[in-house]
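Trainee: Please read through the structure below; I'll follow up with questions.
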There are 2 protein chains.
Amino acid sequence: MTAGPAEDTRTRLLQTALRLFTEHGVEGTSLQMIADALGITKAAVYYHFKTKAEITEAVAEPGIRDLDELVRRAATQKRRGAQVDLLLEGFVDLVIRHRSLVALFSSDPGIARAIEKSAHGGAEGFGQAMLGILSGPDPDTTARVNALVTLTGIAMAGGSPDLARVDDEKLRTELLDVGRRLLGRPRRRSLAPVSTL
Amino acid sequence: MTAGPAEDTRTRLLQTALRLFTEHGVEGTSLQMIADALGITKAAVYYHFKTKAEITEAVAEPGIRDLDELVRRAATQKRRGAQVDLLLEGFVDLVIRHRSLVALFSSDPGIARAIEKSAHGGAEGFGQAMLGILSGPDPDTTARVNALVTLTGIAMAGGSPDLARVDDEKLRTELLDVGRRLLGRPRRRSLAPVSTL
DNA sequence: GTCTATACCTCGATAGAC
DNA sequence: GTCTATCGAGGTATAGAC
């Protein structure tokens, strides 16, 4: 965890891997491609990571951690309205913070495999947990569709190249707005956190 | 185009390929996997298709054709409201008709590559054309976000395993409803096509 | 027209020199 | 920490038997 010359290559490697993953997919990205992009050899990559799976896990890890914490925090809220609001805001923040990574999560089977071993039983687990909160207990089809469109829409739109040049603050406001509309939540007046509904 | 024993293997091959593509991604699916699932050999696969790219193109082709026709038809509408309504309804129908294929389109880089050579300059071209219609001329960020969330949300939700057991008619109604709400279109009373707004 | 056998390449991964 | 060399497995693609 200490910053140093060793971490430098490791960090560049993960950044490069994420970029290539979004361009070609996880399975479509070879270690050779990563090595070439960094100007090193495949064997040098293996000095930093034992396997390719270890790379994908390391790429996904920051997102997983935030997602995990978000789901836990949302679940502790007593009132369902508060659960939904917290989850929605937290998810939008997470999408903003990680942008392209979240889009990868939603779609790439390679990432799904990598997350499978983590808490909650994998990406599917996180998705189900979030859907459960957003769609409520014993949801009808309408509620399930709304929750699904909200989560996937926010994730894909947030990670889309079409919005890459929109600054964080603006995108955050827009995604929150569309999410509230989809879930039938009242629109907030200010951006400051509120303790009561 | 004639139905026969030769076409049978070809059809089964494409169905199997689509299923495997959705499970493992395009790049994550090998010809060996397709051949094994069909109980034939890799070389037998090459009798039906010259390259793997040709398979992915053939898998995507029905969706491409429908998408192409939809965008053309929408563009011929005079009033913008009619363009949006026609595109939204057509897109929902298309998602229902192809379900998992559309979800693949939205996400898999392998599919994107395969479509790249087709009309409109590839998947990106279709996406941009649809976004252009839904978000209107000279759109602000809000309109662009709404259009993006609508398209990606409907596509991903429609292709999601979570909704696989919802029947077509019900899912169609729900997706149309959420799309209209997102785009601020008036809700229809009946499912029958209307000629005036 | 359909599949077997096989060529050839790149994959992920390892060993050991520097 | 990065390199060269190499492995076995599995990838795409082809030649030719039936």
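Going by the structure tokens order, chains are called A, B, ..., each with residues numbered from 1, while ligands are numbered from 1 in the order shown.
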Write out as a ChimeraX atom specification all residues of range 45-136 of chain B that DSSP puts in alpha helix (DSSP H) for this structure's backbone.
Mentor: /B:45-48,52-76,80-98,100-107,109-115,123-135
Trainee: Need to verify the contact set: His48 in chain A, 9 Å, only C-alpha atoms (C1' of nucleotides), exclusion of same-chain residues closer than 4 positions in sequence. Can you return it as a PDB file with N, CA and C atoms, in the first residue's frame?
Mentor:
```pdb
ATOM      1  N   ALA A   6       7.859   0.642  -7.211  1.00  0.00           N
ATOM      2  CA  ALA A   6       7.269  -0.645  -7.530  1.00  0.00           C
ATOM      3  C   ALA A   6       5.776  -0.495  -7.820  1.00  0.00           C
ATOM      4  N   THR A   9       4.584   0.982 -11.618  1.00  0.00           N
ATOM      5  CA  THR A   9       4.299   0.101 -12.747  1.00  0.00           C
ATOM      6  C   THR A   9       2.988  -0.632 -12.533  1.00  0.00           C
ATOM      7  N   ARG A  10       2.800  -1.065 -11.313  1.00  0.00           N
ATOM      8  CA  ARG A  10       1.553  -1.765 -10.981  1.00  0.00           C
ATOM      9  C   ARG A  10       0.338  -0.888 -11.250  1.00  0.00           C
ATOM     10  N   LEU A  13      -0.142  -0.358 -14.883  1.00  0.00           N
ATOM     11  CA  LEU A  13      -0.650  -1.595 -15.461  1.00  0.00           C
ATOM     12  C   LEU A  13      -2.164  -1.701 -15.289  1.00  0.00           C
ATOM     13  N   ALA A  44       7.194  -9.666 -17.708  1.00  0.00           N
ATOM     14  CA  ALA A  44       7.276  -8.583 -16.724  1.00  0.00           C
ATOM     15  C   ALA A  44       5.920  -8.366 -16.054  1.00  0.00           C
TER      16      ALA A  44
END
```
Trainee: Could you write out as a ChimeraX atom specification the residues of chain A within 8 Å of chain D, counting only C-alpha atoms (C1' of nucleotides)?
Mentor: /A:40-41,43-44,47
Trainee: Got time to write the residues from that selection, C-alpha atoms, as a PDB file, in the first residue's frame?
Mentor:
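Below is the file selection-v3.pdb, written as the result:
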```pdb
ATOM      1  CA  ILE A  40       7.303  -4.210 -21.355  1.00  0.00           C
ATOM      2  CA  THR A  41       7.115  -7.957 -21.954  1.00  0.00           C
ATOM      3  CA  ALA A  43       6.863 -11.960 -18.379  1.00  0.00           C
ATOM      4  CA  ALA A  44       7.276  -8.583 -16.724  1.00  0.00           C
ATOM      5  CA  TYR A  47       6.125 -10.259 -11.982  1.00  0.00           C
TER       6      TYR A  47
END
```
Trainee: State, in Å with one decimal place, the distance from C1' of DA13 in chain C to CA of Leu31 in chain A.
Mentor: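 Going from C1' of DA13 in chain C over to CA of Leu31 in chain A, I get 10.6 Å.
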Trainee: Which chain B residues are at most 6 Å from chain A (counting only C-alpha atoms), as an mmCIF file with N, CA, C and O atoms, in the first residue's frame?
Mentor:
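Generated output (out32.cif):
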```cif
data_model
loop_
_atom_site.group_PDB
_atom_site.id
_atom_site.type_symbol
_atom_site.label_atom_id
_atom_site.label_comp_id
_atom_site.auth_asym_id
_atom_site.auth_seq_id
_atom_site.Cartn_x
_atom_site.Cartn_y
_atom_site.Cartn_z
ATOM 1 N N HIS B 24 -20.744 -16.015 -22.356
ATOM 2 C CA HIS B 24 -19.294 -15.857 -22.204
ATOM 3 C C HIS B 24 -18.740 -14.644 -22.926
ATOM 4 O O HIS B 24 -17.532 -14.383 -22.857
ATOM 5 N N GLU B 27 -15.768 -12.708 -27.534
ATOM 6 C CA GLU B 27 -14.343 -13.090 -27.516
ATOM 7 C C GLU B 27 -14.108 -14.268 -26.578
ATOM 8 O O GLU B 27 -13.142 -15.004 -26.742
ATOM 9 N N GLY B 28 -14.979 -14.419 -25.607
ATOM 10 C CA GLY B 28 -14.835 -15.513 -24.667
ATOM 11 C C GLY B 28 -15.419 -16.821 -25.163
ATOM 12 O O GLY B 28 -15.330 -17.844 -24.494
ATOM 13 N N SER B 107 -23.463 -3.878 -25.211
ATOM 14 C CA SER B 107 -22.337 -4.034 -24.300
ATOM 15 C C SER B 107 -21.109 -4.677 -24.914
ATOM 16 O O SER B 107 -19.999 -4.213 -24.717
ATOM 17 N N PRO B 109 -18.009 -5.626 -26.906
ATOM 18 C CA PRO B 109 -17.135 -5.035 -27.916
ATOM 19 C C PRO B 109 -16.991 -5.931 -29.136
ATOM 20 O O PRO B 109 -16.797 -5.445 -30.253
ATOM 21 N N LEU B 148 -30.002 8.605 -23.475
ATOM 22 C CA LEU B 148 -29.064 7.505 -23.234
ATOM 23 C C LEU B 148 -29.621 6.508 -22.222
ATOM 24 O O LEU B 148 -29.571 5.290 -22.441
ATOM 25 N N VAL B 149 -30.149 7.023 -21.122
ATOM 26 C CA VAL B 149 -30.699 6.131 -20.100
ATOM 27 C C VAL B 149 -31.875 5.350 -20.671
ATOM 28 O O VAL B 149 -32.027 4.156 -20.408
ATOM 29 N N THR B 152 -30.309 2.588 -23.299
ATOM 30 C CA THR B 152 -29.519 1.539 -22.646
ATOM 31 C C THR B 152 -30.357 0.816 -21.599
ATOM 32 O O THR B 152 -30.264 -0.409 -21.471
ATOM 33 N N GLY B 153 -31.170 1.552 -20.872
ATOM 34 C CA GLY B 153 -31.996 0.928 -19.843
ATOM 35 C C GLY B 153 -32.975 -0.064 -20.437
ATOM 36 O O GLY B 153 -33.106 -1.186 -19.953
ATOM 37 N N ALA B 157 -32.460 -3.967 -19.676
ATOM 38 C CA ALA B 157 -33.537 -4.571 -18.894
ATOM 39 C C ALA B 157 -34.269 -5.630 -19.727
ATOM 40 O O ALA B 157 -34.558 -6.723 -19.235
#
```
Trainee: When you get a sec, could you note down which chain C residues fall within 12 Å of chain A, using only C-alpha atoms (C1' of nucleotides), as a PyMOL selection string?
Mentor: chain C and resi 10-16
Trainee: Deliver the residues from the most recent selection as a file, using N, CA and C atoms (P, O5', C5', C4', C3', O3' and C1' of nucleotides), as a JSON list (two decimals), in the first residue's frame.
Mentor:
```
[["chain", "number", "residue", "atom", "x", "y", "z"],
["C", 10, "DT", "P", 0.72, -14.90, -34.32],
["C", 10, "DT", "O5'", -0.03, -14.88, -32.91],
["C", 10, "DT", "C5'", -1.45, -14.88, -32.87],
["C", 10, "DT", "C4'", -1.91, -15.29, -31.49],
["C", 10, "DT", "C3'", -1.23, -14.55, -30.34],
["C", 10, "DT", "O3'", -2.23, -13.99, -29.51],
["C", 10, "DT", "C1'", -1.23, -16.89, -29.96],
["C", 11, "DC", "P", -1.89, -13.16, -28.21],
["C", 11, "DC", "O5'", -2.47, -14.06, -27.03],
["C", 11, "DC", "C5'", -3.81, -14.58, -27.10],
["C", 11, "DC", "C4'", -3.97, -15.71, -26.10],
["C", 11, "DC", "C3'", -3.35, -15.43, -24.74],
["C", 11, "DC", "O3'", -4.30, -14.80, -23.90],
["C", 11, "DC", "C1'", -2.82, -17.67, -25.51],
["C", 12, "DG", "P", -3.80, -14.02, -22.66],
["C", 12, "DG", "O5'", -3.49, -15.17, -21.59],
["C", 12, "DG", "C5'", -4.53, -16.02, -21.16],
["C", 12, "DG", "C4'", -3.94, -17.14, -20.32],
["C", 12, "DG", "C3'", -3.28, -16.67, -19.03],
["C", 12, "DG", "O3'", -3.55, -17.61, -17.98],
["C", 12, "DG", "C1'", -1.70, -17.81, -20.35],
["C", 13, "DA", "P", -2.99, -17.26, -16.48],
["C", 13, "DA", "O5'", -1.57, -17.97, -16.43],
["C", 13, "DA", "C5'", -1.49, -19.38, -16.60],
["C", 13, "DA", "C4'", -0.04, -19.81, -16.65],
["C", 13, "DA", "C3'", 0.85, -19.28, -15.51],
["C", 13, "DA", "O3'", 1.23, -20.37, -14.68],
["C", 13, "DA", "C1'", 1.94, -19.22, -17.63],
["C", 14, "DT", "P", 2.22, -20.10, -13.43],
["C", 14, "DT", "O5'", 3.63, -20.56, -14.02],
["C", 14, "DT", "C5'", 3.73, -21.81, -14.69],
["C", 14, "DT", "C4'", 5.19, -22.11, -15.01],
["C", 14, "DT", "C3'", 6.20, -21.77, -13.90],
["C", 14, "DT", "O3'", 7.07, -22.88, -13.72],
["C", 14, "DT", "C1'", 6.86, -20.76, -15.94],
["C", 15, "DA", "P", 8.19, -22.86, -12.55],
["C", 15, "DA", "O5'", 9.55, -22.67, -13.37],
["C", 15, "DA", "C5'", 9.74, -23.37, -14.60],
["C", 15, "DA", "C4'", 11.17, -23.12, -15.11],
["C", 15, "DA", "C3'", 12.20, -22.82, -14.02],
["C", 15, "DA", "O3'", 13.43, -23.44, -14.37],
["C", 15, "DA", "C1'", 12.04, -20.98, -15.48],
["C", 16, "DG", "P", 14.64, -23.45, -13.34],
["C", 16, "DG", "O5'", 15.60, -22.30, -13.88],
["C", 16, "DG", "C5'", 16.00, -22.32, -15.25],
["C", 16, "DG", "C4'", 16.65, -20.99, -15.62],
["C", 16, "DG", "C3'", 17.66, -20.46, -14.59],
["C", 16, "DG", "O3'", 18.75, -19.90, -15.31],
["C", 16, "DG", "C1'", 16.08, -18.82, -15.05]]
```
Trainee: Which residues are close to Arg97 in chain A, i.e. within 9 Å by only C-alpha atoms (C1' of nucleotides), leaving aside same-chain residues fewer than 3 positions away? Reply as a list in words.
Mentor: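 Everything that qualifies: Gly63, Val92, Asp93, Leu94 and Asp168 of chain A.
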Trainee: What does the structure give for the distance between CA of Leu87 in chain A and CA of Ala164 in chain B, in Å to one decimal?
Mentor: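 CA of Leu87 in chain A sits 25.1 Å away from CA of Ala164 in chain B.
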Trainee: Could you check which of A:Arg180, A:Arg19, A:Lys117, A:Arg185 is closest to Ile64 in chain A, using only C-alpha atoms?
Mentor: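 Closest to Ile64 in chain A of all the choices is A:Lys117.
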Trainee: Could you state the separation of CA of Ala17 in chain B and CA of Pro161 in chain B in Å, given to one decimal place?
Mentor: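 Going from CA of Ala17 in chain B over to CA of Pro161 in chain B covers 17.4 Å.
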Trainee: Would you pick out the contacts of Gly81 in chain A at 10 Å or less, using only C-alpha atoms (C1' of nucleotides), so that residues sharing its chain but fewer than 4 positions from it are not included, and give the list as an mmCIF file with C-alpha atoms, in the first residue's frame?
Mentor:
```
data_model
loop_
_atom_site.group_PDB
_atom_site.id
_atom_site.type_symbol
_atom_site.label_atom_id
_atom_site.label_comp_id
_atom_site.auth_asym_id
_atom_site.auth_seq_id
_atom_site.Cartn_x
_atom_site.Cartn_y
_atom_site.Cartn_z
ATOM 1 C CA GLN A 77 -31.655 2.310 6.974
ATOM 2 C CA ASP A 85 -32.662 7.485 -1.580
ATOM 3 C CA LEU A 86 -29.365 6.428 -0.057
ATOM 4 C CA LEU A 87 -28.864 3.645 -2.557
ATOM 5 C CA ILE A 133 -33.933 -2.540 -2.217
ATOM 6 C CA LEU A 134 -35.092 -0.448 -5.163
ATOM 7 C CA GLY A 136 -39.212 -3.210 -2.563
ATOM 8 C CA ARG A 185 -38.946 9.755 -5.561
ATOM 9 C CA LEU A 197 -37.580 13.061 4.322
#
```
